[in-house]
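Visitor: Below is the file start-v3.txt, with compact mmCIF, N, CA and C atoms.
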```
# COMPACT_ATOMS: atom_id res chain seq x y z
N MET A 1 -24.26 11.63 50.13
CA MET A 1 -25.02 12.02 48.95
C MET A 1 -24.26 13.08 48.14
N ARG A 2 -23.66 14.01 48.84
CA ARG A 2 -22.92 15.07 48.17
C ARG A 2 -21.73 14.47 47.40
N PHE A 3 -21.07 13.47 47.97
CA PHE A 3 -19.94 12.81 47.33
C PHE A 3 -20.38 12.13 46.03
N LYS A 4 -21.54 11.46 46.08
CA LYS A 4 -22.05 10.78 44.89
C LYS A 4 -22.38 11.80 43.79
N SER A 5 -22.91 12.94 44.16
CA SER A 5 -23.23 13.98 43.19
C SER A 5 -21.96 14.52 42.54
N MET A 6 -20.93 14.70 43.35
CA MET A 6 -19.67 15.20 42.84
C MET A 6 -19.05 14.18 41.87
N ILE A 7 -19.11 12.90 42.22
CA ILE A 7 -18.59 11.85 41.34
C ILE A 7 -19.37 11.85 40.03
N ALA A 8 -20.70 11.98 40.10
CA ALA A 8 -21.53 11.99 38.90
C ALA A 8 -21.18 13.17 38.00
N VAL A 9 -20.96 14.35 38.59
CA VAL A 9 -20.58 15.54 37.81
C VAL A 9 -19.22 15.33 37.15
N LEU A 10 -18.25 14.81 37.90
CA LEU A 10 -16.92 14.56 37.35
C LEU A 10 -16.99 13.53 36.22
N TYR A 11 -17.80 12.51 36.40
CA TYR A 11 -17.96 11.49 35.37
C TYR A 11 -18.53 12.12 34.09
N CYS A 12 -19.56 12.95 34.23
CA CYS A 12 -20.17 13.61 33.07
C CYS A 12 -19.17 14.51 32.36
N LEU A 13 -18.37 15.24 33.13
CA LEU A 13 -17.35 16.10 32.53
C LEU A 13 -16.32 15.27 31.77
N PHE A 14 -15.91 14.16 32.36
CA PHE A 14 -14.93 13.28 31.73
C PHE A 14 -15.49 12.73 30.42
N VAL A 15 -16.69 12.21 30.44
CA VAL A 15 -17.30 11.62 29.25
C VAL A 15 -17.51 12.68 28.18
N SER A 16 -17.96 13.85 28.55
CA SER A 16 -18.20 14.89 27.54
C SER A 16 -16.88 15.40 26.96
N SER A 17 -15.82 15.42 27.76
CA SER A 17 -14.53 15.86 27.22
C SER A 17 -14.00 14.85 26.21
N ILE A 18 -14.27 13.56 26.42
CA ILE A 18 -13.85 12.54 25.45
C ILE A 18 -14.64 12.73 24.16
N ALA A 19 -15.93 12.95 24.26
CA ALA A 19 -16.76 13.12 23.07
C ALA A 19 -16.37 14.37 22.30
N MET A 20 -16.01 15.43 23.00
CA MET A 20 -15.64 16.68 22.35
C MET A 20 -14.24 16.59 21.73
N ALA A 21 -13.45 15.60 22.11
CA ALA A 21 -12.09 15.49 21.61
C ALA A 21 -12.03 14.95 20.18
N ASP A 22 -13.10 14.34 19.69
CA ASP A 22 -13.10 13.81 18.33
C ASP A 22 -13.14 14.95 17.33
N LEU A 23 -12.22 14.89 16.36
CA LEU A 23 -12.18 15.91 15.32
C LEU A 23 -12.83 15.37 14.06
N ASP A 24 -13.39 16.27 13.28
CA ASP A 24 -14.02 15.90 12.02
C ASP A 24 -13.15 16.35 10.86
N PRO A 25 -12.84 15.42 9.94
CA PRO A 25 -12.05 15.81 8.77
C PRO A 25 -12.77 16.88 7.96
N TRP A 26 -12.03 17.77 7.37
CA TRP A 26 -12.47 18.89 6.55
C TRP A 26 -13.24 19.95 7.33
N THR A 27 -13.59 19.66 8.59
CA THR A 27 -14.16 20.68 9.46
C THR A 27 -13.08 21.15 10.42
N ASP A 28 -12.45 20.21 11.09
CA ASP A 28 -11.42 20.53 12.09
C ASP A 28 -10.00 20.42 11.56
N TYR A 29 -9.84 19.68 10.47
CA TYR A 29 -8.52 19.57 9.85
C TYR A 29 -8.65 19.23 8.37
N GLU A 30 -7.62 19.56 7.62
CA GLU A 30 -7.57 19.26 6.20
C GLU A 30 -6.62 18.08 5.97
N VAL A 31 -6.95 17.28 5.00
CA VAL A 31 -6.10 16.17 4.58
C VAL A 31 -5.61 16.50 3.17
N SER A 32 -4.30 16.46 2.98
CA SER A 32 -3.74 16.84 1.68
C SER A 32 -4.14 15.86 0.58
N ASP A 33 -4.24 16.37 -0.63
CA ASP A 33 -4.37 15.51 -1.80
C ASP A 33 -3.03 14.80 -2.04
N ALA A 34 -1.95 15.53 -1.79
CA ALA A 34 -0.60 14.98 -2.00
C ALA A 34 -0.38 13.77 -1.10
N VAL A 35 0.39 12.82 -1.62
CA VAL A 35 0.74 11.61 -0.89
C VAL A 35 2.26 11.48 -0.89
N TRP A 36 2.81 11.19 0.27
CA TRP A 36 4.24 10.94 0.39
C TRP A 36 4.45 9.45 0.56
N SER A 37 5.28 8.88 -0.30
CA SER A 37 5.69 7.49 -0.16
C SER A 37 6.98 7.52 0.67
N VAL A 38 6.95 6.86 1.82
CA VAL A 38 8.09 6.88 2.73
C VAL A 38 8.58 5.45 2.93
N THR A 39 9.85 5.24 2.64
CA THR A 39 10.49 3.95 2.86
C THR A 39 11.50 4.11 3.98
N THR A 40 11.38 3.29 5.02
CA THR A 40 12.34 3.32 6.11
C THR A 40 13.38 2.23 5.87
N VAL A 41 14.64 2.60 6.06
CA VAL A 41 15.75 1.70 5.74
C VAL A 41 16.71 1.65 6.93
N LYS A 42 17.12 0.47 7.29
CA LYS A 42 18.17 0.29 8.31
C LYS A 42 19.45 -0.03 7.54
N VAL A 43 20.33 0.98 7.43
CA VAL A 43 21.60 0.80 6.75
C VAL A 43 22.60 0.27 7.78
N ASP A 44 23.34 -0.76 7.39
CA ASP A 44 24.31 -1.36 8.31
C ASP A 44 25.39 -0.36 8.71
N SER A 45 25.94 -0.57 9.90
CA SER A 45 27.02 0.29 10.39
C SER A 45 28.15 0.34 9.36
N ASN A 46 28.71 1.52 9.20
CA ASN A 46 29.82 1.78 8.29
C ASN A 46 29.48 1.59 6.82
N MET A 47 28.20 1.48 6.49
CA MET A 47 27.79 1.32 5.09
C MET A 47 27.00 2.54 4.58
N GLY A 48 26.86 3.56 5.41
CA GLY A 48 26.03 4.71 5.05
C GLY A 48 26.44 5.39 3.76
N ASP A 49 27.73 5.70 3.63
CA ASP A 49 28.17 6.39 2.42
C ASP A 49 28.14 5.47 1.20
N ALA A 50 28.45 4.20 1.39
CA ALA A 50 28.38 3.25 0.28
C ALA A 50 26.94 3.12 -0.22
N TYR A 51 25.98 3.12 0.72
CA TYR A 51 24.58 3.02 0.32
C TYR A 51 24.15 4.28 -0.42
N LEU A 52 24.58 5.45 0.08
CA LEU A 52 24.26 6.70 -0.61
C LEU A 52 24.84 6.70 -2.03
N GLU A 53 26.05 6.17 -2.17
CA GLU A 53 26.67 6.08 -3.49
C GLU A 53 25.81 5.21 -4.41
N GLY A 54 25.31 4.12 -3.88
CA GLY A 54 24.43 3.26 -4.67
C GLY A 54 23.13 3.96 -5.05
N LEU A 55 22.55 4.69 -4.10
CA LEU A 55 21.32 5.44 -4.40
C LEU A 55 21.57 6.47 -5.49
N ARG A 56 22.75 7.08 -5.47
CA ARG A 56 23.10 8.08 -6.49
C ARG A 56 23.07 7.44 -7.88
N GLU A 57 23.39 6.15 -7.96
CA GLU A 57 23.45 5.46 -9.25
C GLU A 57 22.13 4.78 -9.62
N THR A 58 21.25 4.55 -8.65
CA THR A 58 20.04 3.76 -8.91
C THR A 58 18.76 4.57 -8.67
N TRP A 59 18.52 4.93 -7.43
CA TRP A 59 17.26 5.55 -7.02
C TRP A 59 17.15 6.99 -7.48
N VAL A 60 18.23 7.75 -7.36
CA VAL A 60 18.21 9.17 -7.68
C VAL A 60 17.92 9.44 -9.17
N PRO A 61 18.60 8.78 -10.11
CA PRO A 61 18.31 9.07 -11.52
C PRO A 61 16.85 8.83 -11.91
N GLY A 62 16.27 7.77 -11.40
CA GLY A 62 14.86 7.51 -11.70
C GLY A 62 13.95 8.59 -11.16
N ASN A 63 14.25 9.07 -9.96
CA ASN A 63 13.42 10.13 -9.38
C ASN A 63 13.61 11.45 -10.11
N LYS A 64 14.82 11.72 -10.57
CA LYS A 64 15.04 12.95 -11.34
C LYS A 64 14.22 12.93 -12.63
N ILE A 65 14.21 11.79 -13.30
CA ILE A 65 13.42 11.66 -14.53
C ILE A 65 11.93 11.77 -14.22
N SER A 66 11.47 11.09 -13.17
CA SER A 66 10.05 11.16 -12.80
C SER A 66 9.62 12.58 -12.48
N LYS A 67 10.49 13.33 -11.81
CA LYS A 67 10.17 14.73 -11.49
C LYS A 67 10.13 15.57 -12.76
N GLU A 68 11.12 15.37 -13.64
CA GLU A 68 11.16 16.10 -14.90
C GLU A 68 9.91 15.85 -15.74
N LEU A 69 9.40 14.62 -15.70
CA LEU A 69 8.19 14.27 -16.46
C LEU A 69 6.90 14.68 -15.75
N GLY A 70 7.00 15.18 -14.52
CA GLY A 70 5.82 15.56 -13.76
C GLY A 70 5.10 14.39 -13.12
N GLN A 71 5.75 13.23 -13.05
CA GLN A 71 5.14 12.05 -12.45
C GLN A 71 5.21 12.09 -10.93
N ILE A 72 6.19 12.79 -10.40
CA ILE A 72 6.29 13.04 -8.96
C ILE A 72 6.54 14.52 -8.76
N GLU A 73 6.24 15.02 -7.56
CA GLU A 73 6.49 16.43 -7.28
C GLU A 73 7.90 16.67 -6.76
N ASP A 74 8.39 15.75 -5.93
CA ASP A 74 9.74 15.92 -5.39
C ASP A 74 10.17 14.64 -4.69
N TRP A 75 11.42 14.59 -4.25
CA TRP A 75 11.96 13.43 -3.55
C TRP A 75 13.05 13.91 -2.59
N TRP A 76 13.26 13.12 -1.52
CA TRP A 76 14.25 13.47 -0.51
C TRP A 76 14.86 12.20 0.07
N ILE A 77 16.07 12.36 0.57
CA ILE A 77 16.73 11.33 1.37
C ILE A 77 17.05 11.98 2.71
N TYR A 78 16.61 11.34 3.79
CA TYR A 78 16.92 11.82 5.15
C TYR A 78 17.74 10.74 5.85
N ARG A 79 18.83 11.16 6.50
CA ARG A 79 19.64 10.20 7.25
C ARG A 79 19.76 10.68 8.69
N SER A 80 19.62 9.76 9.61
CA SER A 80 19.73 10.06 11.03
C SER A 80 21.17 10.41 11.38
N ASP A 81 21.34 11.36 12.26
CA ASP A 81 22.67 11.67 12.81
C ASP A 81 23.12 10.56 13.75
N LEU A 82 22.16 9.78 14.24
CA LEU A 82 22.45 8.68 15.16
C LEU A 82 22.32 7.37 14.37
N GLN A 83 23.37 6.99 13.71
CA GLN A 83 23.35 5.89 12.76
C GLN A 83 22.91 4.54 13.32
N SER A 84 23.18 4.29 14.58
CA SER A 84 22.91 2.95 15.12
C SER A 84 21.68 2.87 16.01
N SER A 85 20.84 3.87 16.00
CA SER A 85 19.68 3.85 16.89
C SER A 85 18.39 3.54 16.13
N GLY A 86 17.50 2.85 16.80
CA GLY A 86 16.16 2.63 16.27
C GLY A 86 16.07 1.58 15.18
N ASP A 87 14.86 1.46 14.63
CA ASP A 87 14.55 0.46 13.61
C ASP A 87 15.01 0.88 12.22
N PHE A 88 15.28 2.16 12.03
CA PHE A 88 15.76 2.65 10.73
C PHE A 88 16.66 3.85 10.97
N ASN A 89 17.50 4.13 9.98
CA ASN A 89 18.37 5.30 10.07
C ASN A 89 18.40 6.09 8.77
N LEU A 90 17.54 5.72 7.83
CA LEU A 90 17.46 6.44 6.56
C LEU A 90 16.02 6.42 6.08
N LEU A 91 15.57 7.54 5.53
CA LEU A 91 14.24 7.64 4.93
C LEU A 91 14.39 8.00 3.46
N LEU A 92 13.68 7.29 2.61
CA LEU A 92 13.56 7.64 1.20
C LEU A 92 12.13 8.13 1.01
N VAL A 93 11.98 9.38 0.58
CA VAL A 93 10.67 10.01 0.53
C VAL A 93 10.40 10.53 -0.88
N VAL A 94 9.22 10.20 -1.39
CA VAL A 94 8.79 10.69 -2.71
C VAL A 94 7.41 11.30 -2.54
N LYS A 95 7.24 12.52 -3.06
CA LYS A 95 5.95 13.21 -2.98
C LYS A 95 5.22 13.11 -4.32
N PHE A 96 3.99 12.59 -4.24
CA PHE A 96 3.10 12.48 -5.40
C PHE A 96 1.99 13.52 -5.26
N ALA A 97 1.49 14.03 -6.37
CA ALA A 97 0.44 15.05 -6.34
C ALA A 97 -0.83 14.54 -5.67
N ASP A 98 -1.16 13.27 -5.92
CA ASP A 98 -2.39 12.69 -5.37
C ASP A 98 -2.32 11.17 -5.53
N THR A 99 -3.35 10.51 -5.08
CA THR A 99 -3.40 9.05 -5.15
C THR A 99 -3.37 8.56 -6.59
N ALA A 100 -3.98 9.28 -7.50
CA ALA A 100 -4.01 8.86 -8.90
C ALA A 100 -2.60 8.75 -9.48
N ALA A 101 -1.69 9.58 -9.01
CA ALA A 101 -0.31 9.55 -9.51
C ALA A 101 0.41 8.26 -9.12
N LEU A 102 -0.13 7.53 -8.15
CA LEU A 102 0.47 6.26 -7.73
C LEU A 102 -0.02 5.07 -8.56
N ALA A 103 -1.08 5.26 -9.27
CA ALA A 103 -1.71 4.15 -10.01
C ALA A 103 -0.86 3.73 -11.20
N PRO A 104 -0.90 2.44 -11.56
CA PRO A 104 -0.20 1.99 -12.77
C PRO A 104 -0.72 2.75 -13.99
N ASN A 105 0.21 3.13 -14.87
CA ASN A 105 -0.18 3.89 -16.04
C ASN A 105 0.81 3.57 -17.17
N LYS A 106 0.36 2.85 -18.16
CA LYS A 106 1.24 2.40 -19.24
C LYS A 106 1.88 3.57 -19.97
N GLU A 107 1.12 4.60 -20.27
CA GLU A 107 1.64 5.76 -21.00
C GLU A 107 2.76 6.45 -20.21
N GLU A 108 2.55 6.64 -18.90
CA GLU A 108 3.58 7.28 -18.07
C GLU A 108 4.81 6.38 -17.94
N TYR A 109 4.59 5.06 -17.86
CA TYR A 109 5.71 4.11 -17.80
C TYR A 109 6.55 4.20 -19.07
N GLU A 110 5.89 4.24 -20.21
CA GLU A 110 6.61 4.31 -21.49
C GLU A 110 7.38 5.62 -21.62
N LYS A 111 6.82 6.73 -21.14
CA LYS A 111 7.55 8.01 -21.13
C LYS A 111 8.79 7.90 -20.26
N PHE A 112 8.62 7.30 -19.09
CA PHE A 112 9.75 7.15 -18.18
C PHE A 112 10.84 6.28 -18.81
N MET A 113 10.46 5.13 -19.35
CA MET A 113 11.45 4.20 -19.92
C MET A 113 12.14 4.78 -21.15
N ALA A 114 11.48 5.67 -21.87
CA ALA A 114 12.12 6.31 -23.02
C ALA A 114 13.30 7.17 -22.55
N LYS A 115 13.20 7.74 -21.37
CA LYS A 115 14.29 8.55 -20.82
C LYS A 115 15.27 7.74 -20.00
N PHE A 116 14.78 6.78 -19.23
CA PHE A 116 15.63 5.99 -18.33
C PHE A 116 16.38 4.92 -19.10
N THR A 117 15.82 4.40 -20.12
CA THR A 117 16.33 3.37 -21.03
C THR A 117 16.40 1.99 -20.38
N LYS A 118 16.27 1.00 -21.20
CA LYS A 118 16.34 -0.40 -20.74
C LYS A 118 17.73 -0.71 -20.20
N ALA A 119 18.77 -0.18 -20.84
CA ALA A 119 20.14 -0.43 -20.38
C ALA A 119 20.35 0.11 -18.96
N GLN A 120 19.87 1.33 -18.70
CA GLN A 120 20.00 1.91 -17.36
C GLN A 120 19.18 1.11 -16.35
N SER A 121 18.00 0.68 -16.76
CA SER A 121 17.15 -0.13 -15.88
C SER A 121 17.84 -1.44 -15.52
N ASP A 122 18.43 -2.09 -16.50
CA ASP A 122 19.14 -3.35 -16.23
C ASP A 122 20.34 -3.13 -15.34
N LYS A 123 21.09 -2.06 -15.58
CA LYS A 123 22.26 -1.72 -14.77
C LYS A 123 21.85 -1.46 -13.32
N THR A 124 20.78 -0.69 -13.14
CA THR A 124 20.27 -0.37 -11.81
C THR A 124 19.84 -1.63 -11.07
N SER A 125 19.10 -2.50 -11.75
CA SER A 125 18.63 -3.74 -11.13
C SER A 125 19.81 -4.63 -10.74
N ALA A 126 20.77 -4.75 -11.61
CA ALA A 126 21.93 -5.60 -11.32
C ALA A 126 22.70 -5.06 -10.11
N TYR A 127 22.90 -3.75 -10.06
CA TYR A 127 23.62 -3.14 -8.94
C TYR A 127 22.87 -3.38 -7.63
N ALA A 128 21.57 -3.09 -7.66
CA ALA A 128 20.76 -3.22 -6.44
C ALA A 128 20.72 -4.66 -5.95
N GLN A 129 20.54 -5.60 -6.86
CA GLN A 129 20.46 -7.01 -6.46
C GLN A 129 21.78 -7.52 -5.90
N LYS A 130 22.88 -7.04 -6.44
CA LYS A 130 24.20 -7.50 -6.00
C LYS A 130 24.63 -6.84 -4.69
N ASN A 131 24.40 -5.53 -4.55
CA ASN A 131 25.00 -4.77 -3.45
C ASN A 131 24.09 -4.46 -2.27
N TYR A 132 22.82 -4.18 -2.54
CA TYR A 132 21.97 -3.70 -1.45
C TYR A 132 21.71 -4.73 -0.34
N PRO A 133 21.55 -6.01 -0.64
CA PRO A 133 21.29 -6.95 0.46
C PRO A 133 22.37 -6.96 1.53
N GLY A 134 23.60 -6.70 1.18
CA GLY A 134 24.69 -6.67 2.15
C GLY A 134 24.85 -5.35 2.86
N MET A 135 24.05 -4.33 2.49
CA MET A 135 24.19 -2.99 3.07
C MET A 135 23.04 -2.57 3.95
N ARG A 136 21.87 -3.08 3.65
CA ARG A 136 20.69 -2.52 4.32
C ARG A 136 19.53 -3.50 4.37
N GLU A 137 18.55 -3.11 5.20
CA GLU A 137 17.28 -3.83 5.26
C GLU A 137 16.17 -2.79 5.18
N ILE A 138 15.21 -3.00 4.30
CA ILE A 138 14.04 -2.12 4.25
C ILE A 138 13.13 -2.54 5.38
N THR A 139 12.85 -1.60 6.28
CA THR A 139 12.08 -1.93 7.48
C THR A 139 10.62 -1.48 7.41
N GLY A 140 10.25 -0.69 6.41
CA GLY A 140 8.86 -0.27 6.31
C GLY A 140 8.58 0.53 5.05
N GLU A 141 7.33 0.49 4.63
CA GLU A 141 6.83 1.27 3.49
C GLU A 141 5.53 1.93 3.93
N TYR A 142 5.42 3.23 3.69
CA TYR A 142 4.25 3.98 4.17
C TYR A 142 3.76 4.92 3.09
N GLN A 143 2.46 5.19 3.09
CA GLN A 143 1.88 6.25 2.29
C GLN A 143 1.27 7.23 3.27
N MET A 144 1.79 8.45 3.28
CA MET A 144 1.42 9.45 4.27
C MET A 144 0.76 10.65 3.58
N ARG A 145 -0.13 11.29 4.33
CA ARG A 145 -0.73 12.55 3.88
C ARG A 145 -0.51 13.61 4.95
N LEU A 146 -0.37 14.83 4.51
CA LEU A 146 -0.20 15.97 5.41
C LEU A 146 -1.55 16.29 6.06
N ILE A 147 -1.54 16.44 7.37
CA ILE A 147 -2.72 16.84 8.12
C ILE A 147 -2.49 18.27 8.60
N THR A 148 -3.43 19.15 8.30
CA THR A 148 -3.34 20.55 8.73
C THR A 148 -4.52 20.80 9.68
N ILE A 149 -4.20 21.00 10.95
CA ILE A 149 -5.24 21.29 11.95
C ILE A 149 -5.70 22.73 11.80
N LYS A 150 -7.01 22.92 11.80
CA LYS A 150 -7.58 24.28 11.68
C LYS A 150 -7.65 24.94 13.03
```
Write the structure described by the file as structure tokens, please.
Guide:
Amino acid sequence: MRFKSMIAVLYCLFVSSIAMADLDPWTDYEVSDAVWSVTTVKVDSNMGDAYLEGLRETWVPGNKISKELGQIEDWWIYRSDLQSSGDFNLLLVVKFADTAALAPNKEEYEKFMAKFTKAQSDKTSAYAQKNYPGMREITGEYQMRLITIK
């Protein structure tokens, strides 16, 4: 009988600890308004610098203009020190102020294109279509928010 009581007490403690482990948003943690768009890329061996050179001509100028216009807050490129490990070895990260900043917006598009120009857009597309397939594979796209535990 004593053994059964001990098992019952342990079971109750286990179940209550599981129930107490659930956190409530905005009570136990904050979720950022900001959204990070994260693209994971597997760059082929020995193509890392060539891919970065391409990003300098395609992805970077667009992000600089978007940041200047206030359409994004910031952008980053992260590269693994271990080039051949895992499903990806490069991250392309863009921080948006909130979800609304991700929505299609004709006025913001026209502001961007006025600075980026159709010629630059065509040049970027041509470069990317010709060169990127032989250098890399996009392995994932994510929208992430910062979680701050209280």
Visitor: Give me, please, the distance in Å between atom N of A:Ala128 and atom C of A:Glu57, quoted to one decimal.
Guide: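 Answer for the atom N of A:Ala128 to atom C of A:Glu57 separation: 8.1 Å.
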Visitor: Using only N, CA and C atoms, pick whichever of A:Leu52, A:Ile72, A:Ile77, A:Met135 has the shortest atom-to-atom distance to A:Lys95.
Guide: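 So, comparing all the options, the nearest one is A:Ile72.
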Visitor: Could you tell me how far atom N of A:Leu90 lies from atom N of A:Gln143, in Å and to one decimal?
Guide: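 These two atoms are separated by 15.8 Å.
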Visitor: Calculate how many Å separate atom CA of A:Arg136 from atom CA of A:Trp75, rounding to one decimal.
Guide: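 If I compute the distance from atom CA of A:Arg136 to atom CA of A:Trp75, I get 19.8 Å.
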Visitor: Within chain A, find each residue whose DSSP state, derived from the backbone, is alpha helix (DSSP H), and express the selection as a PyMOL selection string.
Guide: chain A and resi 2-20+48-57+59-68+106-116+118-131
Visitor: I need the strand (DSSP E) residues of stretch 30-140 of chain A per DSSP on the backbone, written as a ChimeraX atom specification.
Guide: /A:30-31,35-43,74-79,90-96,136-140
Visitor: Here's a test: counting only C-alpha atoms, identify every protein, DNA and RNA residue with an atom at most 7 Å from (-9.3, 21.6, 12.2) in the file's coordinate frame, and state them as a PyMOL selection string.
Guide: chain A and resi 27-30+148-150
Visitor: Each residue of stretch 31-83 of chain A with at least one atom at most 12 Å from stretch 104-113 of chain A should appear once, together with its nearest atom pair and the corresponding distance in Å (one decimal); atoms considered: only C-alpha atoms; ordering: chain, then increasing residue number; output as a tab-separated table.
Guide:
```
residue	atom	partner	partner_atom	distance
A:Pro61	CA	A:Phe112	CA	11.0
A:Gly62	CA	A:Phe112	CA	8.3
A:Asn63	CA	A:Phe112	CA	10.0
A:Lys64	CA	A:Phe112	CA	10.4
A:Ile65	CA	A:Phe112	CA	6.9
A:Ser66	CA	A:Phe112	CA	6.7
A:Lys67	CA	A:Phe112	CA	10.1
A:Glu68	CA	A:Phe112	CA	9.6
A:Leu69	CA	A:Phe112	CA	7.5
A:Gly70	CA	A:Glu108	CA	9.6
A:Gln71	CA	A:Glu108	CA	7.5
A:Ile72	CA	A:Glu108	CA	11.1
```
Visitor: May I have the selected residues written with N, CA and C atoms, as a PDB file, in the frame of the given file?
Guide:
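The resulting file, again-v9.pdb, is shown below:
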```
ATOM      1  N   PRO A  61      18.600   8.780 -10.110  1.00  0.00           N
ATOM      2  CA  PRO A  61      18.310   9.070 -11.520  1.00  0.00           C
ATOM      3  C   PRO A  61      16.850   8.830 -11.910  1.00  0.00           C
ATOM      4  N   GLY A  62      16.270   7.770 -11.400  1.00  0.00           N
ATOM      5  CA  GLY A  62      14.860   7.510 -11.700  1.00  0.00           C
ATOM      6  C   GLY A  62      13.950   8.590 -11.160  1.00  0.00           C
ATOM      7  N   ASN A  63      14.250   9.070  -9.960  1.00  0.00           N
ATOM      8  CA  ASN A  63      13.420  10.130  -9.380  1.00  0.00           C
ATOM      9  C   ASN A  63      13.610  11.450 -10.110  1.00  0.00           C
ATOM     10  N   LYS A  64      14.820  11.720 -10.570  1.00  0.00           N
ATOM     11  CA  LYS A  64      15.040  12.950 -11.340  1.00  0.00           C
ATOM     12  C   LYS A  64      14.220  12.930 -12.630  1.00  0.00           C
ATOM     13  N   ILE A  65      14.210  11.790 -13.300  1.00  0.00           N
ATOM     14  CA  ILE A  65      13.420  11.660 -14.530  1.00  0.00           C
ATOM     15  C   ILE A  65      11.930  11.770 -14.220  1.00  0.00           C
ATOM     16  N   SER A  66      11.470  11.090 -13.170  1.00  0.00           N
ATOM     17  CA  SER A  66      10.050  11.160 -12.800  1.00  0.00           C
ATOM     18  C   SER A  66       9.620  12.580 -12.480  1.00  0.00           C
ATOM     19  N   LYS A  67      10.490  13.330 -11.810  1.00  0.00           N
ATOM     20  CA  LYS A  67      10.170  14.730 -11.490  1.00  0.00           C
ATOM     21  C   LYS A  67      10.130  15.570 -12.760  1.00  0.00           C
ATOM     22  N   GLU A  68      11.120  15.370 -13.640  1.00  0.00           N
ATOM     23  CA  GLU A  68      11.160  16.100 -14.900  1.00  0.00           C
ATOM     24  C   GLU A  68       9.910  15.850 -15.740  1.00  0.00           C
ATOM     25  N   LEU A  69       9.400  14.620 -15.700  1.00  0.00           N
ATOM     26  CA  LEU A  69       8.190  14.270 -16.460  1.00  0.00           C
ATOM     27  C   LEU A  69       6.900  14.680 -15.750  1.00  0.00           C
ATOM     28  N   GLY A  70       7.000  15.180 -14.520  1.00  0.00           N
ATOM     29  CA  GLY A  70       5.820  15.560 -13.760  1.00  0.00           C
ATOM     30  C   GLY A  70       5.100  14.390 -13.120  1.00  0.00           C
ATOM     31  N   GLN A  71       5.750  13.230 -13.050  1.00  0.00           N
ATOM     32  CA  GLN A  71       5.140  12.050 -12.450  1.00  0.00           C
ATOM     33  C   GLN A  71       5.210  12.090 -10.930  1.00  0.00           C
ATOM     34  N   ILE A  72       6.190  12.790 -10.400  1.00  0.00           N
ATOM     35  CA  ILE A  72       6.290  13.040  -8.960  1.00  0.00           C
ATOM     36  C   ILE A  72       6.540  14.520  -8.760  1.00  0.00           C
TER      37      ILE A  72
END
```
Visitor: I'd like the contact shell of A:Leu92 - 8 Å cut-off, all atoms listed in the file, skipping same-chain residues fewer than 6 positions apart - returned as a list of chain:residue names.
Guide: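 What passes the distance filter is A:Trp36, A:Ser37, A:Val38, A:Thr39, A:Thr40, A:Val41, A:Trp75, A:Trp76, A:Ile77, A:Tyr78, A:Arg79.
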Visitor: From the options A:Ala97, A:Ala126, A:Ile147, A:Ala114, which residue's atoms come nearest to A:Val35, counting only C-alpha atoms?
Guide: A:Ala97
Visitor: Hey, which of A:Tyr127, A:Tyr51, A:Lys118, A:Lys42 ends up closest to A:Leu91? Count all atoms listed in the file.
Guide: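 Under the stated criterion, the closest residue is A:Lys42.
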Visitor: In terms of the shortest atom-to-atom distance over only C-alpha atoms, which of A:Thr99, A:Ser125, A:Asn89, A:Asn131 is closest to A:Asp44?
Guide: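 The answer is A:Asn89, which sits nearest to A:Asp44.
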Visitor: Could you write out as lines of an AutoDock Vina configuration file the box around stretch 32-45 of chain A (axis-aligned, all atoms listed in the file, 4 Å on each side), with centre and edge lengths in Å to one decimal?
Guide:
```
center_x = 11.9
center_y = 7.7
center_z = 4.2
size_x = 40.5
size_y = 26.2
size_z = 20.4
```
